[in-house]
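Asks: Next up, protein_29.cif (mmCIF, C-alpha atoms).
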data_structure
loop_
_atom_site.label_atom_id
_atom_site.label_comp_id
_atom_site.auth_asym_id
_atom_site.auth_seq_id
_atom_site.Cartn_x
_atom_site.Cartn_y
_atom_site.Cartn_z
CA MET A 1 27.40 -3.29 52.54
CA THR A 2 24.27 -1.75 54.09
CA ALA A 3 21.71 -4.36 55.21
CA THR A 4 18.12 -3.15 54.99
CA LEU A 5 14.80 -4.70 55.98
CA ILE A 6 11.57 -3.41 54.43
CA THR A 7 8.29 -4.69 55.83
CA GLY A 8 5.35 -5.24 53.49
CA ALA A 9 7.67 -5.14 50.48
CA ASN A 10 6.30 -7.66 48.01
CA LYS A 11 4.38 -4.90 46.17
CA GLY A 12 3.64 -1.19 46.02
CA LEU A 13 5.81 1.33 47.83
CA GLY A 14 7.79 -1.36 49.63
CA PHE A 15 8.69 -3.10 46.37
CA GLU A 16 9.75 0.14 44.69
CA THR A 17 11.77 1.18 47.74
CA ALA A 18 13.53 -2.18 47.67
CA ARG A 19 14.29 -1.81 43.97
CA ARG A 20 15.83 1.63 44.45
CA LEU A 21 17.88 0.68 47.51
CA ILE A 22 19.24 -2.44 45.82
CA ALA A 23 20.29 -0.22 42.92
CA ALA A 24 22.03 2.01 45.48
CA GLY A 25 24.03 -0.96 46.77
CA HIS A 26 21.99 -2.13 49.75
CA THR A 27 21.46 -5.77 50.63
CA VAL A 28 17.68 -5.77 51.00
CA TYR A 29 15.47 -8.17 52.91
CA ILE A 30 11.87 -7.88 51.79
CA GLY A 31 9.27 -8.82 54.38
CA SER A 32 6.16 -10.53 53.03
CA ARG A 33 3.29 -12.39 54.69
CA ASP A 34 2.56 -14.26 51.47
CA ALA A 35 5.28 -16.79 50.62
CA GLU A 36 4.58 -17.04 46.89
CA ARG A 37 4.17 -13.30 46.28
CA GLY A 38 7.26 -12.70 48.35
CA ARG A 39 9.26 -15.28 46.40
CA LEU A 40 8.29 -13.77 43.05
CA ALA A 41 9.08 -10.26 44.26
CA ALA A 42 12.45 -11.30 45.68
CA GLU A 43 13.41 -13.05 42.45
CA LYS A 44 12.43 -10.03 40.37
CA LEU A 45 14.33 -7.64 42.62
CA GLY A 46 17.36 -9.70 43.52
CA ALA A 47 16.37 -9.29 47.18
CA ARG A 48 16.34 -11.71 50.11
CA LEU A 49 12.89 -12.89 51.17
CA VAL A 50 11.86 -13.14 54.82
CA LEU A 51 8.38 -14.38 55.68
CA LEU A 52 7.21 -11.70 58.05
CA ASP A 53 3.85 -10.98 59.64
CA VAL A 54 4.23 -7.82 61.70
CA THR A 55 1.19 -8.76 63.79
CA ASP A 56 2.77 -12.01 65.02
CA ASP A 57 5.41 -12.09 67.75
CA ALA A 58 6.86 -15.44 66.70
CA SER A 59 7.16 -14.40 63.07
CA VAL A 60 8.97 -11.19 63.95
CA ALA A 61 11.30 -12.94 66.40
CA ALA A 62 12.20 -15.58 63.83
CA VAL A 63 13.09 -12.98 61.21
CA ALA A 64 15.16 -10.99 63.71
CA LYS A 65 17.11 -14.15 64.57
CA ALA A 66 17.64 -15.01 60.90
CA ILE A 67 18.93 -11.54 60.03
CA GLU A 68 21.16 -11.52 63.10
CA ASP A 69 22.64 -14.85 62.03
CA ASP A 70 23.14 -13.40 58.55
CA GLY A 71 25.25 -10.52 59.86
CA GLY A 72 22.95 -7.85 61.27
CA LEU A 73 20.89 -4.87 60.19
CA ASP A 74 21.61 -1.21 59.42
CA VAL A 75 18.33 0.15 58.07
CA LEU A 76 14.73 -0.68 59.02
CA VAL A 77 11.86 0.59 56.87
CA ASN A 78 8.52 0.10 58.62
CA ASN A 79 6.34 0.12 55.53
CA ALA A 80 3.66 -2.53 56.20
CA GLY A 81 0.28 -0.90 56.66
CA VAL A 82 -3.46 -1.14 56.14
CA GLU A 83 -6.13 1.51 55.67
CA GLY A 84 -9.16 -0.47 56.75
CA ARG A 85 -11.68 0.24 54.01
CA GLY A 86 -15.20 -1.16 54.09
CA ASP A 87 -17.54 -2.73 51.56
CA GLY A 88 -17.12 -1.45 48.04
CA ASN A 89 -13.69 -0.09 48.94
CA SER A 90 -15.29 2.82 50.80
CA VAL A 91 -13.50 4.71 53.55
CA ILE A 92 -15.08 3.97 56.93
CA GLY A 93 -16.21 7.27 58.43
CA ALA A 94 -16.92 8.42 61.96
CA ALA A 95 -20.52 7.19 61.97
CA GLU A 96 -19.53 3.62 61.03
CA VAL A 97 -16.17 3.09 62.70
CA THR A 98 -16.09 0.69 65.64
CA ALA A 99 -13.51 -0.19 68.25
CA ASP A 100 -12.87 -3.51 66.49
CA MET A 101 -12.19 -1.73 63.20
CA MET A 102 -9.80 0.63 64.93
CA ARG A 103 -8.07 -2.27 66.63
CA GLN A 104 -7.48 -4.07 63.32
CA VAL A 105 -5.82 -1.02 61.76
CA PHE A 106 -3.74 -0.26 64.85
CA GLU A 107 -2.60 -3.89 65.07
CA THR A 108 -0.65 -3.52 61.84
CA ASN A 109 0.11 0.19 61.61
CA VAL A 110 1.03 0.87 65.24
CA PHE A 111 1.56 -2.29 67.27
CA GLY A 112 3.16 -4.06 64.31
CA MET A 113 5.61 -1.20 63.83
CA VAL A 114 6.53 -1.23 67.52
CA ARG A 115 6.81 -5.03 67.52
CA VAL A 116 9.27 -4.98 64.62
CA THR A 117 11.25 -1.99 65.85
CA HIS A 118 11.61 -3.48 69.33
CA ALA A 119 12.81 -6.79 67.93
CA PHE A 120 15.46 -5.17 65.74
CA LEU A 121 16.73 -2.53 68.17
CA PRO A 122 19.60 -4.76 69.39
CA LEU A 123 20.81 -5.24 65.81
CA LEU A 124 20.43 -1.58 64.91
CA GLN A 125 22.38 -0.56 68.00
CA ARG A 126 25.34 -2.60 66.74
CA SER A 127 25.32 -0.83 63.37
CA THR A 128 27.69 2.05 62.66
CA GLY A 129 24.92 3.93 60.84
CA PRO A 130 21.51 2.81 62.09
CA VAL A 131 18.45 4.25 60.36
CA VAL A 132 14.72 3.71 60.89
CA VAL A 133 12.12 5.03 58.45
CA ASN A 134 8.49 4.87 59.55
CA VAL A 135 6.05 5.24 56.68
CA SER A 136 3.39 7.63 57.94
CA SER A 137 0.87 9.73 56.01
CA GLY A 138 -0.06 13.36 55.43
CA LEU A 139 -3.35 12.41 57.05
CA ALA A 140 -1.45 12.16 60.34
CA SER A 141 -0.79 15.89 60.28
CA MET A 142 -3.13 17.68 62.68
CA ALA A 143 -2.22 20.92 60.94
CA ARG A 144 -3.41 19.56 57.59
CA VAL A 145 -6.55 17.70 58.64
CA THR A 146 -7.82 20.78 60.49
CA ASP A 147 -7.14 23.16 57.57
CA PRO A 148 -10.14 23.41 55.18
CA ASP A 149 -7.77 24.48 52.40
CA THR A 150 -5.94 21.14 52.31
CA PRO A 151 -7.06 17.88 50.65
CA ALA A 152 -6.51 16.06 53.97
CA TYR A 153 -9.37 18.03 55.55
CA ALA A 154 -11.93 16.21 53.38
CA TYR A 155 -10.78 12.69 54.30
CA PRO A 156 -13.65 11.13 56.32
CA GLY A 157 -11.83 8.14 57.82
CA VAL A 158 -10.93 7.83 61.50
CA ALA A 159 -8.81 4.71 62.01
CA TYR A 160 -6.09 5.28 59.43
CA PRO A 161 -5.20 8.91 60.27
CA ALA A 162 -5.36 8.14 63.99
CA SER A 163 -2.98 5.20 63.55
CA LYS A 164 -0.52 7.29 61.56
CA ALA A 165 -0.67 10.10 64.11
CA ALA A 166 0.37 7.46 66.64
CA VAL A 167 3.21 6.46 64.31
CA ASN A 168 4.42 10.06 64.34
CA MET A 169 4.44 10.27 68.13
CA ILE A 170 6.20 6.92 68.44
CA THR A 171 8.80 8.09 65.92
CA VAL A 172 9.58 11.20 67.96
CA GLN A 173 9.86 9.27 71.22
CA TYR A 174 12.16 6.63 69.73
CA ALA A 175 14.32 9.33 68.17
CA LYS A 176 14.77 11.01 71.55
CA ALA A 177 15.51 7.69 73.24
CA PHE A 178 18.14 6.65 70.67
CA PRO A 179 20.02 9.81 69.60
CA SER A 180 22.70 7.81 67.79
CA MET A 181 20.07 6.53 65.33
CA ARG A 182 18.36 8.46 62.54
CA ILE A 183 14.65 7.78 63.08
CA ASN A 184 12.11 9.66 60.98
CA ALA A 185 8.50 9.51 59.75
CA VAL A 186 7.75 10.07 56.08
CA GLU A 187 4.69 10.98 54.02
CA PRO A 188 4.88 9.32 50.59
CA GLY A 189 1.86 11.22 49.27
CA TYR A 190 -1.38 9.92 47.78
CA THR A 191 0.09 7.01 45.85
CA ALA A 192 -1.82 4.49 43.75
CA THR A 193 -1.40 1.22 45.69
CA ASP A 194 -3.56 -1.68 46.85
CA LEU A 195 -3.85 0.01 50.26
CA ASN A 196 -6.21 2.65 48.84
CA GLY A 197 -7.73 0.56 46.07
CA ARG A 198 -5.32 2.19 43.60
CA THR A 199 -7.19 5.50 43.88
CA GLY A 200 -4.00 7.48 44.53
CA THR A 201 -2.95 10.25 42.17
CA GLN A 202 0.79 9.58 41.97
CA THR A 203 3.00 6.65 40.99
CA VAL A 204 4.91 4.35 43.32
CA GLU A 205 8.10 5.81 41.85
CA GLU A 206 7.03 9.25 43.08
CA GLY A 207 5.80 7.95 46.41
CA ALA A 208 8.95 5.98 47.19
CA GLU A 209 11.21 8.99 46.69
CA ILE A 210 11.10 10.26 50.27
CA ILE A 211 11.31 6.75 51.74
CA VAL A 212 14.45 5.99 49.74
CA ARG A 213 15.98 9.35 50.59
CA MET A 214 15.45 9.00 54.33
CA ALA A 215 16.67 5.39 54.29
CA GLN A 216 20.02 6.72 53.14
CA VAL A 217 20.57 9.56 55.62
CA GLY A 218 23.97 9.69 57.24
CA PRO A 219 24.89 10.13 60.92
CA ASP A 220 24.58 13.91 60.56
CA GLY A 221 21.14 13.69 58.96
CA PRO A 222 17.84 14.66 60.57
CA THR A 223 16.14 12.59 63.24
CA GLY A 224 12.77 12.81 64.95
CA GLY A 225 11.31 14.55 61.89
CA TYR A 226 8.30 14.26 59.60
CA PHE A 227 9.03 14.69 55.90
CA ASP A 228 7.59 14.49 52.43
CA ALA A 229 9.44 14.84 49.13
CA GLU A 230 9.54 18.62 49.48
CA GLY A 231 10.90 18.71 53.04
CA ALA A 232 9.64 18.93 56.62
CA ILE A 233 5.87 19.04 57.04
CA PRO A 234 3.78 20.29 59.97
CA TRP A 235 2.76 17.89 62.71
#
Show the structure stored in the file as structure tokens.
Replies:
Amino acid sequence: MTATLITGANKGLGFETARRLIAAGHTVYIGSRDAERGRLAAEKLGARLVLLDVTDDASVAAVAKAIEDDGGLDVLVNNAGVEGRGDGNSVIGAAEVTADMMRQVFETNVFGMVRVTHAFLPLLQRSTGPVVVNVSSGLASMARVTDPDTPAYAYPGVAYPASKAAVNMITVQYAKAFPSMRINAVEPGYTATDLNGRTGTQTVEEGAEIIVRMAQVGPDGPTGGYFDAEGAIPW
């Protein structure tokens, strides 16, 4: 049976991804920083809870050891993320953003993703079908944010798109370094979740579609790519 870890999975896209993968036959570990929310989510899903803070080395190491002792890992979904909104749930624009704000967003979205991926690489390398899915954003696409005809062009924030652009580059470099793995970045779309104050225009069911699909790619599937539900998207 395929063993899958999803970070930030006690709600939103992570929760829905877990639900769909469990239905597809995966054994799913849901990572949650909050013990009670994680427990409730795991019980509702029939998943295995791991208390995981992607910004903490000891937390990540402990979860890696626990999953190794439990038999290993085949699929890693790096879903945990923050947008870094300001007062009143407003997006922090270029005039207001500070280095400290950027650092907070990068700590979860970039360094947290690398921290988790690094910790689980030894387990993934032992799998016969290792897969990594990095949840990115359409706002990471330079082609889109520089095109006045796309919705991404109007987004005023700095930290979040910059962090997800870093996720894309990291994805490509990992994919080249580990050609036996399927490692891809995905764009779920503008989904109504707590990350954006539930301002998104699509459901978590719609947003999770590409995450679930790429979590199930076989050894001949794509790697080092950037995809949404309709296919490859421009960097």
Asks: Within 9 Å of range 31-46 of chain A, which residues of range 53-154 of chain A come that close, and what is the closest atom pair and distance in Å for each? Count only C-alpha atoms and give it as CSV.
Replies:
residue,atom,partner,partner_atom,distance
A:Asp53,CA,A:Arg33,CA,5.2
A:Val54,CA,A:Arg33,CA,8.4
A:Val63,CA,A:Gly31,CA,8.9
A:Ala80,CA,A:Gly31,CA,8.6
Asks: Distance CA of Asn168 in chain A-CA of Asn78 in chain A, one decimal place?
Replies: 12.2 Å
Asks: Give the answer as one residue: which of A:Met142, A:Val75, A:Ala66, A:Ile30 has the shortest atom-to-atom distance to Thr4 in chain A, using all atoms listed in the file?
Replies: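 Closest to Thr4 in chain A, using all atoms listed in the file: A:Val75.
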Asks: Residue by residue, what does the PyMOL selection byres ((chain A and resi 103-117) around 6) grab here? Present the result as a ChimeraX atom specification.
Replies: /A:54-55,81,100-102,118-121,163
Asks: Going by the chain IDs and residue numbers used in this file, which residues fall under the PyMOL selection byres ((chain A and resi 130) around 12)? Write them as a ChimeraX atom specification.
Replies: /A:2-5,72-77,117,120-129,131-133,175,178-184,214-221,223
Asks: Can you spit out the residues from that selection as a tab-separated table (two decimals), in the coordinates of the input, using C-alpha atoms?
Replies:
chain	number	residue	atom	x	y	z
A	2	THR	CA	24.27	-1.75	54.09
A	3	ALA	CA	21.71	-4.36	55.21
A	4	THR	CA	18.12	-3.15	54.99
A	5	LEU	CA	14.80	-4.70	55.98
A	72	GLY	CA	22.95	-7.85	61.27
A	73	LEU	CA	20.89	-4.87	60.19
A	74	ASP	CA	21.61	-1.21	59.42
A	75	VAL	CA	18.33	0.15	58.07
A	76	LEU	CA	14.73	-0.68	59.02
A	77	VAL	CA	11.86	0.59	56.87
A	117	THR	CA	11.25	-1.99	65.85
A	120	PHE	CA	15.46	-5.17	65.74
A	121	LEU	CA	16.73	-2.53	68.17
A	122	PRO	CA	19.60	-4.76	69.39
A	123	LEU	CA	20.81	-5.24	65.81
A	124	LEU	CA	20.43	-1.58	64.91
A	125	GLN	CA	22.38	-0.56	68.00
A	126	ARG	CA	25.34	-2.60	66.74
A	127	SER	CA	25.32	-0.83	63.37
A	128	THR	CA	27.69	2.05	62.66
A	129	GLY	CA	24.92	3.93	60.84
A	131	VAL	CA	18.45	4.25	60.36
A	132	VAL	CA	14.72	3.71	60.89
A	133	VAL	CA	12.12	5.03	58.45
A	175	ALA	CA	14.32	9.33	68.17
A	178	PHE	CA	18.14	6.65	70.67
A	179	PRO	CA	20.02	9.81	69.60
A	180	SER	CA	22.70	7.81	67.79
A	181	MET	CA	20.07	6.53	65.33
A	182	ARG	CA	18.36	8.46	62.54
A	183	ILE	CA	14.65	7.78	63.08
A	184	ASN	CA	12.11	9.66	60.98
A	214	MET	CA	15.45	9.00	54.33
A	215	ALA	CA	16.67	5.39	54.29
A	216	GLN	CA	20.02	6.72	53.14
A	217	VAL	CA	20.57	9.56	55.62
A	218	GLY	CA	23.97	9.69	57.24
A	219	PRO	CA	24.89	10.13	60.92
A	220	ASP	CA	24.58	13.91	60.56
A	221	GLY	CA	21.14	13.69	58.96
A	223	THR	CA	16.14	12.59	63.24
Asks: Since the input lacks atoms, please generate N, CA and C atoms for range 133-152 of chain A and provide them as a compact mmCIF listing (two decimals), keeping the file's coordinate frame.
Replies:
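Okay, rebuild-v9.txt is ready:
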# COMPACT_ATOMS: atom_id res chain seq x y z
N VAL A 133 13.08 4.21 59.19
CA VAL A 133 12.12 5.03 58.45
C VAL A 133 10.73 4.46 58.71
N ASN A 134 9.87 5.27 59.29
CA ASN A 134 8.49 4.87 59.55
C ASN A 134 7.58 5.52 58.52
N VAL A 135 6.93 4.70 57.72
CA VAL A 135 6.05 5.24 56.68
C VAL A 135 4.75 5.70 57.33
N SER A 136 4.56 7.00 57.34
CA SER A 136 3.39 7.63 57.94
C SER A 136 2.45 8.08 56.82
N SER A 137 1.81 9.20 57.00
CA SER A 137 0.87 9.73 56.01
C SER A 137 0.65 11.21 56.29
N GLY A 138 0.32 11.96 55.24
CA GLY A 138 -0.06 13.36 55.43
C GLY A 138 -1.33 13.48 56.22
N LEU A 139 -2.12 12.40 56.27
CA LEU A 139 -3.35 12.41 57.05
C LEU A 139 -3.09 12.35 58.54
N ALA A 140 -1.83 12.14 58.92
CA ALA A 140 -1.45 12.16 60.34
C ALA A 140 -1.17 13.56 60.83
N SER A 141 -1.10 14.51 59.92
CA SER A 141 -0.79 15.89 60.28
C SER A 141 -2.03 16.61 60.82
N MET A 142 -2.01 16.93 62.10
CA MET A 142 -3.13 17.68 62.68
C MET A 142 -3.29 19.03 62.00
N ALA A 143 -2.17 19.62 61.61
CA ALA A 143 -2.22 20.92 60.94
C ALA A 143 -2.98 20.82 59.62
N ARG A 144 -2.76 19.71 58.90
CA ARG A 144 -3.41 19.56 57.59
C ARG A 144 -4.87 19.14 57.72
N VAL A 145 -5.17 18.19 58.58
CA VAL A 145 -6.55 17.70 58.64
C VAL A 145 -7.50 18.71 59.28
N THR A 146 -6.96 19.73 59.91
CA THR A 146 -7.82 20.78 60.49
C THR A 146 -7.85 22.04 59.63
N ASP A 147 -7.19 22.00 58.48
CA ASP A 147 -7.14 23.16 57.57
C ASP A 147 -8.06 22.90 56.38
N PRO A 148 -9.19 23.64 56.27
CA PRO A 148 -10.14 23.41 55.18
C PRO A 148 -9.55 23.60 53.79
N ASP A 149 -8.39 24.23 53.71
CA ASP A 149 -7.77 24.48 52.40
C ASP A 149 -6.85 23.35 51.95
N THR A 150 -6.78 22.27 52.70
CA THR A 150 -5.94 21.14 52.31
C THR A 150 -6.80 19.94 51.92
N PRO A 151 -6.31 19.09 51.01
CA PRO A 151 -7.06 17.88 50.65
C PRO A 151 -7.31 16.96 51.85
N ALA A 152 -6.38 16.94 52.81
CA ALA A 152 -6.51 16.06 53.97
C ALA A 152 -7.77 16.37 54.78
